[in-house]
file data-v8.cif (mmCIF, N, CA and C atoms and all ligand atoms)
data_work
loop_
_atom_site.group_PDB
_atom_site.id
_atom_site.type_symbol
_atom_site.label_atom_id
_atom_site.label_comp_id
_atom_site.auth_asym_id
_atom_site.auth_seq_id
_atom_site.Cartn_x
_atom_site.Cartn_y
_atom_site.Cartn_z
ATOM 1 N N MET A 396 10.089 -3.552 -8.913
ATOM 2 C CA MET A 396 11.010 -4.637 -9.152
ATOM 3 C C MET A 396 10.727 -5.754 -8.144
ATOM 4 N N ARG A 397 10.708 -6.950 -8.623
ATOM 5 C CA ARG A 397 10.479 -8.107 -7.762
ATOM 6 C C ARG A 397 11.613 -9.107 -7.948
ATOM 7 N N ILE A 398 11.948 -9.814 -6.889
ATOM 8 C CA ILE A 398 12.919 -10.902 -6.996
ATOM 9 C C ILE A 398 12.172 -12.116 -7.532
ATOM 10 N N LYS A 399 12.636 -12.643 -8.641
ATOM 11 C CA LYS A 399 11.956 -13.801 -9.242
ATOM 12 C C LYS A 399 12.753 -15.079 -9.058
ATOM 13 N N ASP A 400 14.078 -14.946 -9.058
ATOM 14 C CA ASP A 400 14.941 -16.109 -8.865
ATOM 15 C C ASP A 400 15.877 -15.838 -7.706
ATOM 16 N N HIS A 401 16.072 -16.871 -6.898
ATOM 17 C CA HIS A 401 16.951 -16.743 -5.744
ATOM 18 C C HIS A 401 17.657 -18.075 -5.531
ATOM 19 N N PRO A 402 18.930 -18.068 -5.187
ATOM 20 C CA PRO A 402 19.655 -19.341 -5.059
ATOM 21 C C PRO A 402 19.169 -20.225 -3.911
ATOM 22 N N ILE A 403 18.525 -19.660 -2.910
ATOM 23 C CA ILE A 403 18.094 -20.457 -1.759
ATOM 24 C C ILE A 403 16.570 -20.469 -1.613
ATOM 25 N N LEU A 404 15.943 -19.309 -1.759
ATOM 26 C CA LEU A 404 14.500 -19.194 -1.526
ATOM 27 C C LEU A 404 13.705 -19.602 -2.759
ATOM 28 N N THR A 405 12.494 -20.080 -2.513
ATOM 29 C CA THR A 405 11.572 -20.357 -3.624
ATOM 30 C C THR A 405 10.337 -19.481 -3.432
ATOM 31 N N PHE A 406 9.686 -19.168 -4.519
ATOM 32 C CA PHE A 406 8.511 -18.320 -4.475
ATOM 33 C C PHE A 406 7.335 -19.077 -5.053
ATOM 34 N N PRO A 407 6.363 -19.448 -4.211
ATOM 35 C CA PRO A 407 5.216 -20.205 -4.720
ATOM 36 C C PRO A 407 4.381 -19.368 -5.681
ATOM 37 N N GLU A 408 3.740 -20.048 -6.609
ATOM 38 C CA GLU A 408 2.853 -19.398 -7.576
ATOM 39 C C GLU A 408 1.683 -18.767 -6.826
ATOM 40 N N ARG A 409 1.381 -17.519 -7.111
ATOM 41 C CA ARG A 409 0.237 -16.850 -6.479
ATOM 42 C C ARG A 409 -0.644 -16.226 -7.552
ATOM 43 N N LYS A 410 -1.917 -16.072 -7.203
ATOM 44 C CA LYS A 410 -2.878 -15.478 -8.132
ATOM 45 C C LYS A 410 -2.585 -13.994 -8.311
ATOM 46 N N LYS A 411 -2.569 -13.574 -9.580
ATOM 47 C CA LYS A 411 -2.344 -12.153 -9.876
ATOM 48 C C LYS A 411 -3.666 -11.406 -9.759
ATOM 49 N N VAL A 412 -3.635 -10.237 -9.117
ATOM 50 C CA VAL A 412 -4.816 -9.390 -8.994
ATOM 51 C C VAL A 412 -4.420 -7.970 -9.419
ATOM 52 N N THR A 413 -5.410 -7.119 -9.547
ATOM 53 C CA THR A 413 -5.144 -5.722 -9.913
ATOM 54 C C THR A 413 -5.667 -4.810 -8.816
ATOM 55 N N ILE A 414 -4.805 -3.888 -8.373
ATOM 56 C CA ILE A 414 -5.252 -2.836 -7.464
ATOM 57 C C ILE A 414 -5.067 -1.507 -8.201
ATOM 58 N N TYR A 415 -5.667 -0.458 -7.699
ATOM 59 C CA TYR A 415 -5.577 0.844 -8.368
ATOM 60 C C TYR A 415 -4.953 1.854 -7.425
ATOM 61 N N TYR A 416 -3.818 2.414 -7.854
ATOM 62 C CA TYR A 416 -3.142 3.455 -7.091
ATOM 63 C C TYR A 416 -3.375 4.780 -7.799
ATOM 64 N N GLU A 417 -4.054 5.697 -7.139
ATOM 65 C CA GLU A 417 -4.407 6.986 -7.743
ATOM 66 C C GLU A 417 -5.095 6.767 -9.087
ATOM 67 N N GLY A 418 -5.892 5.710 -9.182
ATOM 68 C CA GLY A 418 -6.640 5.404 -10.390
ATOM 69 C C GLY A 418 -5.883 4.596 -11.430
ATOM 70 N N LYS A 419 -4.590 4.386 -11.211
ATOM 71 C CA LYS A 419 -3.759 3.664 -12.177
ATOM 72 C C LYS A 419 -3.668 2.179 -11.778
ATOM 73 N N PRO A 420 -3.937 1.254 -12.728
ATOM 74 C CA PRO A 420 -3.877 -0.165 -12.375
ATOM 75 C C PRO A 420 -2.450 -0.627 -12.082
ATOM 76 N N ILE A 421 -2.325 -1.459 -11.060
ATOM 77 C CA ILE A 421 -1.035 -2.022 -10.656
ATOM 78 C C ILE A 421 -1.213 -3.512 -10.424
ATOM 79 N N ASP A 422 -0.293 -4.313 -10.961
ATOM 80 C CA ASP A 422 -0.314 -5.759 -10.721
ATOM 81 C C ASP A 422 0.096 -6.051 -9.288
ATOM 82 N N ALA A 423 -0.600 -6.984 -8.680
ATOM 83 C CA ALA A 423 -0.261 -7.407 -7.317
ATOM 84 C C ALA A 423 -0.508 -8.910 -7.226
ATOM 85 N N TYR A 424 -0.033 -9.498 -6.157
ATOM 86 C CA TYR A 424 -0.252 -10.925 -5.926
ATOM 87 C C TYR A 424 -1.075 -11.100 -4.665
ATOM 88 N N GLU A 425 -2.081 -11.957 -4.778
ATOM 89 C CA GLU A 425 -2.963 -12.232 -3.653
ATOM 90 C C GLU A 425 -2.144 -12.582 -2.419
ATOM 91 N N GLY A 426 -2.464 -11.967 -1.306
ATOM 92 C CA GLY A 426 -1.801 -12.282 -0.044
ATOM 93 C C GLY A 426 -0.633 -11.385 0.303
ATOM 94 N N GLU A 427 -0.157 -10.585 -0.640
ATOM 95 C CA GLU A 427 0.964 -9.709 -0.304
ATOM 96 C C GLU A 427 0.436 -8.393 0.274
ATOM 97 N N PRO A 428 1.251 -7.701 1.090
ATOM 98 C CA PRO A 428 0.817 -6.403 1.618
ATOM 99 C C PRO A 428 0.701 -5.377 0.486
ATOM 100 N N ILE A 429 -0.191 -4.419 0.674
ATOM 101 C CA ILE A 429 -0.381 -3.359 -0.323
ATOM 102 C C ILE A 429 0.946 -2.653 -0.587
ATOM 103 N N ALA A 430 1.682 -2.344 0.466
ATOM 104 C CA ALA A 430 2.945 -1.607 0.312
ATOM 105 C C ALA A 430 3.943 -2.386 -0.545
ATOM 106 N N ALA A 431 3.948 -3.703 -0.455
ATOM 107 C CA ALA A 431 4.867 -4.502 -1.269
ATOM 108 C C ALA A 431 4.503 -4.376 -2.750
ATOM 109 N N ALA A 432 3.213 -4.406 -3.048
ATOM 110 C CA ALA A 432 2.782 -4.261 -4.444
ATOM 111 C C ALA A 432 3.133 -2.872 -4.970
ATOM 112 N N LEU A 433 2.934 -1.841 -4.137
ATOM 113 C CA LEU A 433 3.255 -0.485 -4.563
ATOM 114 C C LEU A 433 4.765 -0.332 -4.758
ATOM 115 N N HIS A 434 5.533 -0.880 -3.842
ATOM 116 C CA HIS A 434 6.995 -0.800 -3.946
ATOM 117 C C HIS A 434 7.474 -1.475 -5.233
ATOM 118 N N ALA A 435 6.909 -2.638 -5.535
ATOM 119 C CA ALA A 435 7.278 -3.360 -6.761
ATOM 120 C C ALA A 435 6.935 -2.549 -8.007
ATOM 121 N N ALA A 436 5.923 -1.694 -7.885
ATOM 122 C CA ALA A 436 5.509 -0.860 -9.020
ATOM 123 C C ALA A 436 6.252 0.476 -9.052
ATOM 124 N N GLY A 437 7.167 0.679 -8.116
ATOM 125 C CA GLY A 437 7.973 1.901 -8.128
ATOM 126 C C GLY A 437 7.419 3.027 -7.283
ATOM 127 N N VAL A 438 6.349 2.777 -6.534
ATOM 128 C CA VAL A 438 5.766 3.822 -5.676
ATOM 129 C C VAL A 438 6.530 3.830 -4.351
ATOM 130 N N ARG A 439 7.193 4.930 -4.040
ATOM 131 C CA ARG A 439 7.993 5.025 -2.818
ATOM 132 C C ARG A 439 7.365 5.954 -1.778
ATOM 133 N N VAL A 440 6.639 6.968 -2.233
ATOM 134 C CA VAL A 440 5.997 7.893 -1.295
ATOM 135 C C VAL A 440 4.577 7.416 -1.054
ATOM 136 N N LEU A 441 4.273 7.080 0.199
ATOM 137 C CA LEU A 441 2.958 6.532 0.523
ATOM 138 C C LEU A 441 2.026 7.595 1.085
ATOM 139 N N ARG A 442 2.576 8.595 1.739
ATOM 140 C CA ARG A 442 1.750 9.678 2.271
ATOM 141 C C ARG A 442 2.615 10.908 2.479
ATOM 142 N N LEU A 443 1.959 12.031 2.786
ATOM 143 C CA LEU A 443 2.668 13.246 3.169
ATOM 144 C C LEU A 443 2.376 13.500 4.636
ATOM 145 N N SER A 444 3.381 13.917 5.395
ATOM 146 C CA SER A 444 3.201 14.111 6.833
ATOM 147 C C SER A 444 2.170 15.208 7.097
ATOM 148 N N ALA A 445 1.531 15.113 8.257
ATOM 149 C CA ALA A 445 0.417 16.002 8.592
ATOM 150 C C ALA A 445 0.847 17.462 8.728
ATOM 151 N N GLU A 446 1.967 17.715 9.386
ATOM 152 C CA GLU A 446 2.355 19.090 9.685
ATOM 153 C C GLU A 446 3.190 19.725 8.569
ATOM 154 N N MET A 447 4.267 19.064 8.182
ATOM 155 C CA MET A 447 5.223 19.660 7.236
ATOM 156 C C MET A 447 5.035 19.169 5.798
ATOM 157 N N HIS A 448 4.113 18.243 5.600
ATOM 158 C CA HIS A 448 3.827 17.695 4.262
ATOM 159 C C HIS A 448 5.068 17.065 3.618
ATOM 160 N N ARG A 449 5.851 16.408 4.456
ATOM 161 C CA ARG A 449 7.044 15.720 3.954
ATOM 162 C C ARG A 449 6.678 14.316 3.502
ATOM 163 N N PRO A 450 7.358 13.801 2.469
ATOM 164 C CA PRO A 450 7.044 12.463 1.970
ATOM 165 C C PRO A 450 7.412 11.377 2.981
ATOM 166 N N ARG A 451 6.541 10.384 3.097
ATOM 167 C CA ARG A 451 6.774 9.248 3.988
ATOM 168 C C ARG A 451 6.565 7.958 3.202
ATOM 169 N N GLY A 452 7.389 6.966 3.528
ATOM 170 C CA GLY A 452 7.281 5.675 2.856
ATOM 171 C C GLY A 452 7.383 4.557 3.866
ATOM 172 N N PHE A 453 7.857 3.411 3.409
ATOM 173 C CA PHE A 453 8.107 2.279 4.287
ATOM 174 C C PHE A 453 9.062 2.671 5.406
ATOM 175 N N PHE A 454 8.824 2.220 6.625
ATOM 176 C CA PHE A 454 9.820 2.385 7.676
ATOM 177 C C PHE A 454 9.955 1.074 8.446
ATOM 178 N N CYS A 455 8.996 0.767 9.308
ATOM 179 C CA CYS A 455 9.124 -0.469 10.100
ATOM 180 C C CYS A 455 8.679 -1.698 9.309
ATOM 181 N N ALA A 456 7.667 -1.535 8.462
ATOM 182 C CA ALA A 456 7.111 -2.622 7.652
ATOM 183 C C ALA A 456 6.481 -3.742 8.485
ATOM 184 N N ILE A 457 6.149 -3.457 9.750
ATOM 185 C CA ILE A 457 5.472 -4.452 10.590
ATOM 186 C C ILE A 457 4.249 -3.863 11.304
ATOM 187 N N GLY A 458 3.796 -2.698 10.862
ATOM 188 C CA GLY A 458 2.576 -2.129 11.425
ATOM 189 C C GLY A 458 2.739 -1.375 12.721
ATOM 190 N N ASN A 459 3.939 -0.939 13.056
ATOM 191 C CA ASN A 459 4.159 -0.263 14.342
ATOM 192 C C ASN A 459 4.365 1.244 14.277
ATOM 193 N N CYS A 460 4.729 1.797 13.124
ATOM 194 C CA CYS A 460 5.198 3.186 13.130
ATOM 195 C C CYS A 460 4.245 4.219 12.514
ATOM 196 N N SER A 461 3.282 3.841 11.736
ATOM 197 C CA SER A 461 2.341 4.756 11.064
ATOM 198 C C SER A 461 2.954 5.527 9.903
ATOM 199 N N SER A 462 4.126 5.153 9.459
ATOM 200 C CA SER A 462 4.754 5.859 8.336
ATOM 201 C C SER A 462 4.032 5.593 7.025
ATOM 202 N N CYS A 463 3.309 4.495 6.948
ATOM 203 C CA CYS A 463 2.735 4.053 5.666
ATOM 204 C C CYS A 463 1.223 4.263 5.573
ATOM 205 N N LEU A 464 0.673 5.158 6.359
ATOM 206 C CA LEU A 464 -0.784 5.350 6.343
ATOM 207 C C LEU A 464 -1.251 5.833 4.975
ATOM 208 N N MET A 465 -2.256 5.152 4.439
ATOM 209 C CA MET A 465 -2.838 5.526 3.148
ATOM 210 C C MET A 465 -4.350 5.396 3.234
ATOM 211 N N GLU A 466 -5.013 5.919 2.201
ATOM 212 C CA GLU A 466 -6.464 5.778 2.114
ATOM 213 C C GLU A 466 -6.746 4.579 1.222
ATOM 214 N N VAL A 467 -7.501 3.607 1.752
ATOM 215 C CA VAL A 467 -7.802 2.380 1.012
ATOM 216 C C VAL A 467 -9.310 2.217 0.914
ATOM 217 N N ASP A 468 -9.814 2.178 -0.294
ATOM 218 C CA ASP A 468 -11.256 2.083 -0.540
ATOM 219 C C ASP A 468 -12.028 3.120 0.275
ATOM 220 N N GLY A 469 -11.482 4.322 0.334
ATOM 221 C CA GLY A 469 -12.151 5.434 1.010
ATOM 222 C C GLY A 469 -11.931 5.493 2.510
ATOM 223 N N ILE A 470 -11.187 4.550 3.058
ATOM 224 C CA ILE A 470 -10.936 4.537 4.504
ATOM 225 C C ILE A 470 -9.518 5.035 4.769
ATOM 226 N N PRO A 471 -9.375 6.142 5.516
ATOM 227 C CA PRO A 471 -8.037 6.684 5.786
ATOM 228 C C PRO A 471 -7.320 5.919 6.899
ATOM 229 N N ASN A 472 -6.034 6.206 7.029
ATOM 230 C CA ASN A 472 -5.208 5.691 8.128
ATOM 231 C C ASN A 472 -5.058 4.174 8.115
ATOM 232 N N VAL A 473 -4.994 3.584 6.926
ATOM 233 C CA VAL A 473 -4.756 2.142 6.805
ATOM 234 C C VAL A 473 -3.245 1.925 6.715
ATOM 235 N N ARG A 474 -2.705 1.056 7.568
ATOM 236 C CA ARG A 474 -1.272 0.732 7.522
ATOM 237 C C ARG A 474 -1.069 -0.272 6.389
ATOM 238 N N VAL A 475 -0.596 0.232 5.247
ATOM 239 C CA VAL A 475 -0.524 -0.619 4.059
ATOM 240 C C VAL A 475 0.638 -1.611 4.096
ATOM 241 N N CYS A 476 1.525 -1.501 5.076
ATOM 242 C CA CYS A 476 2.606 -2.486 5.167
ATOM 243 C C CYS A 476 2.106 -3.813 5.716
ATOM 244 N N VAL A 477 0.941 -3.806 6.359
ATOM 245 C CA VAL A 477 0.404 -5.053 6.916
ATOM 246 C C VAL A 477 -0.976 -5.405 6.344
ATOM 247 N N GLU A 478 -1.580 -4.499 5.588
ATOM 248 C CA GLU A 478 -2.899 -4.766 4.993
ATOM 249 C C GLU A 478 -2.702 -5.483 3.650
ATOM 250 N N LYS A 479 -3.371 -6.609 3.487
ATOM 251 C CA LYS A 479 -3.205 -7.424 2.275
ATOM 252 C C LYS A 479 -4.018 -6.863 1.112
ATOM 253 N N VAL A 480 -3.528 -7.090 -0.096
ATOM 254 C CA VAL A 480 -4.243 -6.619 -1.282
ATOM 255 C C VAL A 480 -5.512 -7.446 -1.491
ATOM 256 N N ARG A 481 -6.502 -6.785 -2.063
ATOM 257 C CA ARG A 481 -7.725 -7.447 -2.519
ATOM 258 C C ARG A 481 -7.948 -6.972 -3.952
ATOM 259 N N ASP A 482 -8.393 -7.869 -4.792
ATOM 260 C CA ASP A 482 -8.591 -7.517 -6.187
ATOM 261 C C ASP A 482 -9.520 -6.309 -6.302
ATOM 262 N N GLY A 483 -9.103 -5.315 -7.072
ATOM 263 C CA GLY A 483 -9.932 -4.148 -7.345
ATOM 264 C C GLY A 483 -9.872 -3.046 -6.306
ATOM 265 N N MET A 484 -9.100 -3.214 -5.249
ATOM 266 C CA MET A 484 -9.071 -2.186 -4.212
ATOM 267 C C MET A 484 -8.443 -0.893 -4.741
ATOM 268 N N ARG A 485 -8.888 0.224 -4.178
ATOM 269 C CA ARG A 485 -8.417 1.546 -4.617
ATOM 270 C C ARG A 485 -7.617 2.186 -3.492
ATOM 271 N N VAL A 486 -6.377 2.552 -3.830
ATOM 272 C CA VAL A 486 -5.446 3.087 -2.846
ATOM 273 C C VAL A 486 -5.036 4.489 -3.283
ATOM 274 N N THR A 487 -5.080 5.432 -2.347
ATOM 275 C CA THR A 487 -4.631 6.780 -2.668
ATOM 276 C C THR A 487 -3.696 7.282 -1.580
ATOM 277 N N GLN A 488 -2.824 8.200 -1.998
ATOM 278 C CA GLN A 488 -1.880 8.798 -1.065
ATOM 279 C C GLN A 488 -2.657 9.631 -0.059
ATOM 280 N N GLN A 489 -2.304 9.482 1.201
ATOM 281 C CA GLN A 489 -2.976 10.261 2.237
ATOM 282 C C GLN A 489 -2.208 11.534 2.498
ATOM 283 N N LYS A 490 -2.924 12.642 2.475
ATOM 284 C CA LYS A 490 -2.295 13.930 2.756
ATOM 285 C C LYS A 490 -2.785 14.399 4.126
ATOM 286 N N GLY A 491 -1.873 14.523 5.045
ATOM 287 C CA GLY A 491 -2.252 14.932 6.382
ATOM 288 C C GLY A 491 -2.814 13.785 7.193
ATOM 289 N N LYS A 492 -3.742 14.130 8.089
ATOM 290 C CA LYS A 492 -4.264 13.134 9.028
ATOM 291 C C LYS A 492 -5.351 12.255 8.442
ATOM 292 N N GLY A 493 -5.928 12.641 7.338
ATOM 293 C CA GLY A 493 -6.996 11.838 6.752
ATOM 294 C C GLY A 493 -8.302 12.096 7.471
ATOM 295 N N VAL A 494 -9.382 12.084 6.733
ATOM 296 C CA VAL A 494 -10.699 12.314 7.305
ATOM 297 C C VAL A 494 -11.412 10.974 7.420
ATOM 298 N N LEU A 495 -11.828 10.652 8.634
ATOM 299 C CA LEU A 495 -12.508 9.376 8.834
ATOM 300 C C LEU A 495 -13.873 9.405 8.166
ATOM 301 N N PRO A 496 -14.320 8.284 7.598
ATOM 302 C CA PRO A 496 -15.640 8.249 6.971
ATOM 303 C C PRO A 496 -16.734 8.353 8.028
ATOM 304 N N PRO A 497 -17.941 8.768 7.622
ATOM 305 C CA PRO A 497 -19.033 8.849 8.598
ATOM 306 C C PRO A 497 -19.353 7.465 9.154
ATOM 307 N N VAL A 498 -19.886 7.428 10.345
ATOM 308 C CA VAL A 498 -20.252 6.151 10.962
ATOM 309 C C VAL A 498 -21.267 5.441 10.072
ATOM 310 N N GLY A 499 -21.018 4.186 9.813
ATOM 311 C CA GLY A 499 -21.945 3.396 9.016
ATOM 312 C C GLY A 499 -21.688 3.406 7.529
ATOM 313 N N GLY A 500 -20.619 4.024 7.076
ATOM 314 C CA GLY A 500 -20.386 3.985 5.645
ATOM 315 C C GLY A 500 -19.097 4.623 5.203
ATOM 316 N N VAL A 501 -18.637 4.185 4.047
ATOM 317 C CA VAL A 501 -17.443 4.730 3.427
ATOM 318 C C VAL A 501 -17.874 5.860 2.520
ATOM 319 N N LYS A 502 -17.088 6.956 2.493
ATOM 320 C CA LYS A 502 -17.447 8.067 1.628
ATOM 321 C C LYS A 502 -17.378 7.646 0.168
ATOM 322 N N LYS A 503 -18.236 8.190 -0.643
ATOM 323 C CA LYS A 503 -18.289 7.845 -2.071
ATOM 324 C C LYS A 503 -17.518 8.840 -2.880
HETATM 325 S S1 LIG B 1 5.834 1.072 7.725
HETATM 326 FE FE1 LIG B 1 5.569 1.247 9.870
HETATM 327 S S2 LIG B 1 3.439 0.929 10.160
HETATM 328 FE FE2 LIG B 1 3.768 0.543 8.055
#
call {"tool": "encode", "arguments": {"input": "data-v8.cif", "output": "structure tokens", "more": "lines below"}}
Ligand code: FES
result
Amino acid sequence: MRIKDHPILTFPERKKVTIYYEGKPIDAYEGEPIAAALHAAGVRVLRLSAEMHRPRGFFCAIGNCSSCLMEVDGIPNVRVCVEKVRDGMRVTQQKGKGVLPPVGGVKK
């Protein structure tokens, strides 16, 4: 859900892009954080905690808490509350601590 009309605020026109969450296409707007696009699409659980595998979502929304770590284009531990969308990017739920890609490349 997105706010489209507001009595005080205005929302400038932005380019629509597509990102993929678990392989499913999701509409996003250029310049918005990944987490905002996922939230607008109804995705609330961003990762499962490392020890107890409990669901985690938005918490601080300013890049300070690590609650929103996800795997983005094969790179784990990306704070999606502050990382901006790019057309065609692939986002997956991170389970546990995430495995870092080998030096010099993203896993395929
Ligand atoms: S929600 Fe806290 S770092 Fe993203």
call {"tool": "atom_distance", "arguments": {"input": "data-v8.cif", "atom1": "atom N of Asp468 (chain A)", "atom2": "atom C of Gly483 (chain A)"}}
result
8.0 Å
call {"tool": "closest_residue", "arguments": {"input": "data-v8.cif", "among": "A:Glu478, A:Glu425, A:Asp400, A:Glu408", "to": "ligand LIG 1 (chain B)", "atoms": "only N, CA and C atoms and all ligand atoms"}}
result
A:Glu478
call {"tool": "residues_near_ligand", "arguments": {"input": "data-v8.cif", "ligand": "ligand LIG 1 (chain B)", "cutoff": "12 Å", "atoms": "only C-alpha atoms and all ligand atoms", "output": "PyMOL selection string"}}
result
chain A and resi 428-431+434+439-442+451-465+472-478
call {"tool": "write_last_selection", "arguments": {"input": "data-v8.cif", "atoms": "N, CA and C atoms", "output": "PDB file, in the frame of the given file"}}
result
ATOM      1  N   PRO A 428       1.251  -7.701   1.090  1.00  0.00           N
ATOM      2  CA  PRO A 428       0.817  -6.403   1.618  1.00  0.00           C
ATOM      3  C   PRO A 428       0.701  -5.377   0.486  1.00  0.00           C
ATOM      4  N   ILE A 429      -0.191  -4.419   0.674  1.00  0.00           N
ATOM      5  CA  ILE A 429      -0.381  -3.359  -0.323  1.00  0.00           C
ATOM      6  C   ILE A 429       0.946  -2.653  -0.587  1.00  0.00           C
ATOM      7  N   ALA A 430       1.682  -2.344   0.466  1.00  0.00           N
ATOM      8  CA  ALA A 430       2.945  -1.607   0.312  1.00  0.00           C
ATOM      9  C   ALA A 430       3.943  -2.386  -0.545  1.00  0.00           C
ATOM     10  N   ALA A 431       3.948  -3.703  -0.455  1.00  0.00           N
ATOM     11  CA  ALA A 431       4.867  -4.502  -1.269  1.00  0.00           C
ATOM     12  C   ALA A 431       4.503  -4.376  -2.750  1.00  0.00           C
ATOM     13  N   HIS A 434       5.533  -0.880  -3.842  1.00  0.00           N
ATOM     14  CA  HIS A 434       6.995  -0.800  -3.946  1.00  0.00           C
ATOM     15  C   HIS A 434       7.474  -1.475  -5.233  1.00  0.00           C
ATOM     16  N   ARG A 439       7.193   4.930  -4.040  1.00  0.00           N
ATOM     17  CA  ARG A 439       7.993   5.025  -2.818  1.00  0.00           C
ATOM     18  C   ARG A 439       7.365   5.954  -1.778  1.00  0.00           C
ATOM     19  N   VAL A 440       6.639   6.968  -2.233  1.00  0.00           N
ATOM     20  CA  VAL A 440       5.997   7.893  -1.295  1.00  0.00           C
ATOM     21  C   VAL A 440       4.577   7.416  -1.054  1.00  0.00           C
ATOM     22  N   LEU A 441       4.273   7.080   0.199  1.00  0.00           N
ATOM     23  CA  LEU A 441       2.958   6.532   0.523  1.00  0.00           C
ATOM     24  C   LEU A 441       2.026   7.595   1.085  1.00  0.00           C
ATOM     25  N   ARG A 442       2.576   8.595   1.739  1.00  0.00           N
ATOM     26  CA  ARG A 442       1.750   9.678   2.271  1.00  0.00           C
ATOM     27  C   ARG A 442       2.615  10.908   2.479  1.00  0.00           C
ATOM     28  N   ARG A 451       6.541  10.384   3.097  1.00  0.00           N
ATOM     29  CA  ARG A 451       6.774   9.248   3.988  1.00  0.00           C
ATOM     30  C   ARG A 451       6.565   7.958   3.202  1.00  0.00           C
ATOM     31  N   GLY A 452       7.389   6.966   3.528  1.00  0.00           N
ATOM     32  CA  GLY A 452       7.281   5.675   2.856  1.00  0.00           C
ATOM     33  C   GLY A 452       7.383   4.557   3.866  1.00  0.00           C
ATOM     34  N   PHE A 453       7.857   3.411   3.409  1.00  0.00           N
ATOM     35  CA  PHE A 453       8.107   2.279   4.287  1.00  0.00           C
ATOM     36  C   PHE A 453       9.062   2.671   5.406  1.00  0.00           C
ATOM     37  N   PHE A 454       8.824   2.220   6.625  1.00  0.00           N
ATOM     38  CA  PHE A 454       9.820   2.385   7.676  1.00  0.00           C
ATOM     39  C   PHE A 454       9.955   1.074   8.446  1.00  0.00           C
ATOM     40  N   CYS A 455       8.996   0.767   9.308  1.00  0.00           N
ATOM     41  CA  CYS A 455       9.124  -0.469  10.100  1.00  0.00           C
ATOM     42  C   CYS A 455       8.679  -1.698   9.309  1.00  0.00           C
ATOM     43  N   ALA A 456       7.667  -1.535   8.462  1.00  0.00           N
ATOM     44  CA  ALA A 456       7.111  -2.622   7.652  1.00  0.00           C
ATOM     45  C   ALA A 456       6.481  -3.742   8.485  1.00  0.00           C
ATOM     46  N   ILE A 457       6.149  -3.457   9.750  1.00  0.00           N
ATOM     47  CA  ILE A 457       5.472  -4.452  10.590  1.00  0.00           C
ATOM     48  C   ILE A 457       4.249  -3.863  11.304  1.00  0.00           C
ATOM     49  N   GLY A 458       3.796  -2.698  10.862  1.00  0.00           N
ATOM     50  CA  GLY A 458       2.576  -2.129  11.425  1.00  0.00           C
ATOM     51  C   GLY A 458       2.739  -1.375  12.721  1.00  0.00           C
ATOM     52  N   ASN A 459       3.939  -0.939  13.056  1.00  0.00           N
ATOM     53  CA  ASN A 459       4.159  -0.263  14.342  1.00  0.00           C
ATOM     54  C   ASN A 459       4.365   1.244  14.277  1.00  0.00           C
ATOM     55  N   CYS A 460       4.729   1.797  13.124  1.00  0.00           N
ATOM     56  CA  CYS A 460       5.198   3.186  13.130  1.00  0.00           C
ATOM     57  C   CYS A 460       4.245   4.219  12.514  1.00  0.00           C
ATOM     58  N   SER A 461       3.282   3.841  11.736  1.00  0.00           N
ATOM     59  CA  SER A 461       2.341   4.756  11.064  1.00  0.00           C
ATOM     60  C   SER A 461       2.954   5.527   9.903  1.00  0.00           C
ATOM     61  N   SER A 462       4.126   5.153   9.459  1.00  0.00           N
ATOM     62  CA  SER A 462       4.754   5.859   8.336  1.00  0.00           C
ATOM     63  C   SER A 462       4.032   5.593   7.025  1.00  0.00           C
ATOM     64  N   CYS A 463       3.309   4.495   6.948  1.00  0.00           N
ATOM     65  CA  CYS A 463       2.735   4.053   5.666  1.00  0.00           C
ATOM     66  C   CYS A 463       1.223   4.263   5.573  1.00  0.00           C
ATOM     67  N   LEU A 464       0.673   5.158   6.359  1.00  0.00           N
ATOM     68  CA  LEU A 464      -0.784   5.350   6.343  1.00  0.00           C
ATOM     69  C   LEU A 464      -1.251   5.833   4.975  1.00  0.00           C
ATOM     70  N   MET A 465      -2.256   5.152   4.439  1.00  0.00           N
ATOM     71  CA  MET A 465      -2.838   5.526   3.148  1.00  0.00           C
ATOM     72  C   MET A 465      -4.350   5.396   3.234  1.00  0.00           C
ATOM     73  N   ASN A 472      -6.034   6.206   7.029  1.00  0.00           N
ATOM     74  CA  ASN A 472      -5.208   5.691   8.128  1.00  0.00           C
ATOM     75  C   ASN A 472      -5.058   4.174   8.115  1.00  0.00           C
ATOM     76  N   VAL A 473      -4.994   3.584   6.926  1.00  0.00           N
ATOM     77  CA  VAL A 473      -4.756   2.142   6.805  1.00  0.00           C
ATOM     78  C   VAL A 473      -3.245   1.925   6.715  1.00  0.00           C
ATOM     79  N   ARG A 474      -2.705   1.056   7.568  1.00  0.00           N
ATOM     80  CA  ARG A 474      -1.272   0.732   7.522  1.00  0.00           C
ATOM     81  C   ARG A 474      -1.069  -0.272   6.389  1.00  0.00           C
ATOM     82  N   VAL A 475      -0.596   0.232   5.247  1.00  0.00           N
ATOM     83  CA  VAL A 475      -0.524  -0.619   4.059  1.00  0.00           C
ATOM     84  C   VAL A 475       0.638  -1.611   4.096  1.00  0.00           C
ATOM     85  N   CYS A 476       1.525  -1.501   5.076  1.00  0.00           N
ATOM     86  CA  CYS A 476       2.606  -2.486   5.167  1.00  0.00           C
ATOM     87  C   CYS A 476       2.106  -3.813   5.716  1.00  0.00           C
ATOM     88  N   VAL A 477       0.941  -3.806   6.359  1.00  0.00           N
ATOM     89  CA  VAL A 477       0.404  -5.053   6.916  1.00  0.00           C
ATOM     90  C   VAL A 477      -0.976  -5.405   6.344  1.00  0.00           C
ATOM     91  N   GLU A 478      -1.580  -4.499   5.588  1.00  0.00           N
ATOM     92  CA  GLU A 478      -2.899  -4.766   4.993  1.00  0.00           C
ATOM     93  C   GLU A 478      -2.702  -5.483   3.650  1.00  0.00           C
TER      94      GLU A 478
END
call {"tool": "atom_distance", "arguments": {"input": "data-v8.cif", "atom1": "CA of Thr413 (chain A)", "atom2": "CA of Gln488 (chain A)"}}
result
17.3 Å
call {"tool": "select_by_dssp", "arguments": {"input": "data-v8.cif", "residues": "chain A", "states": "strand (DSSP E)", "output": "number ranges by chain"}}
result
A: 411-416, 419-424, 442-443, 450-451, 464-467, 470-474, 485-490
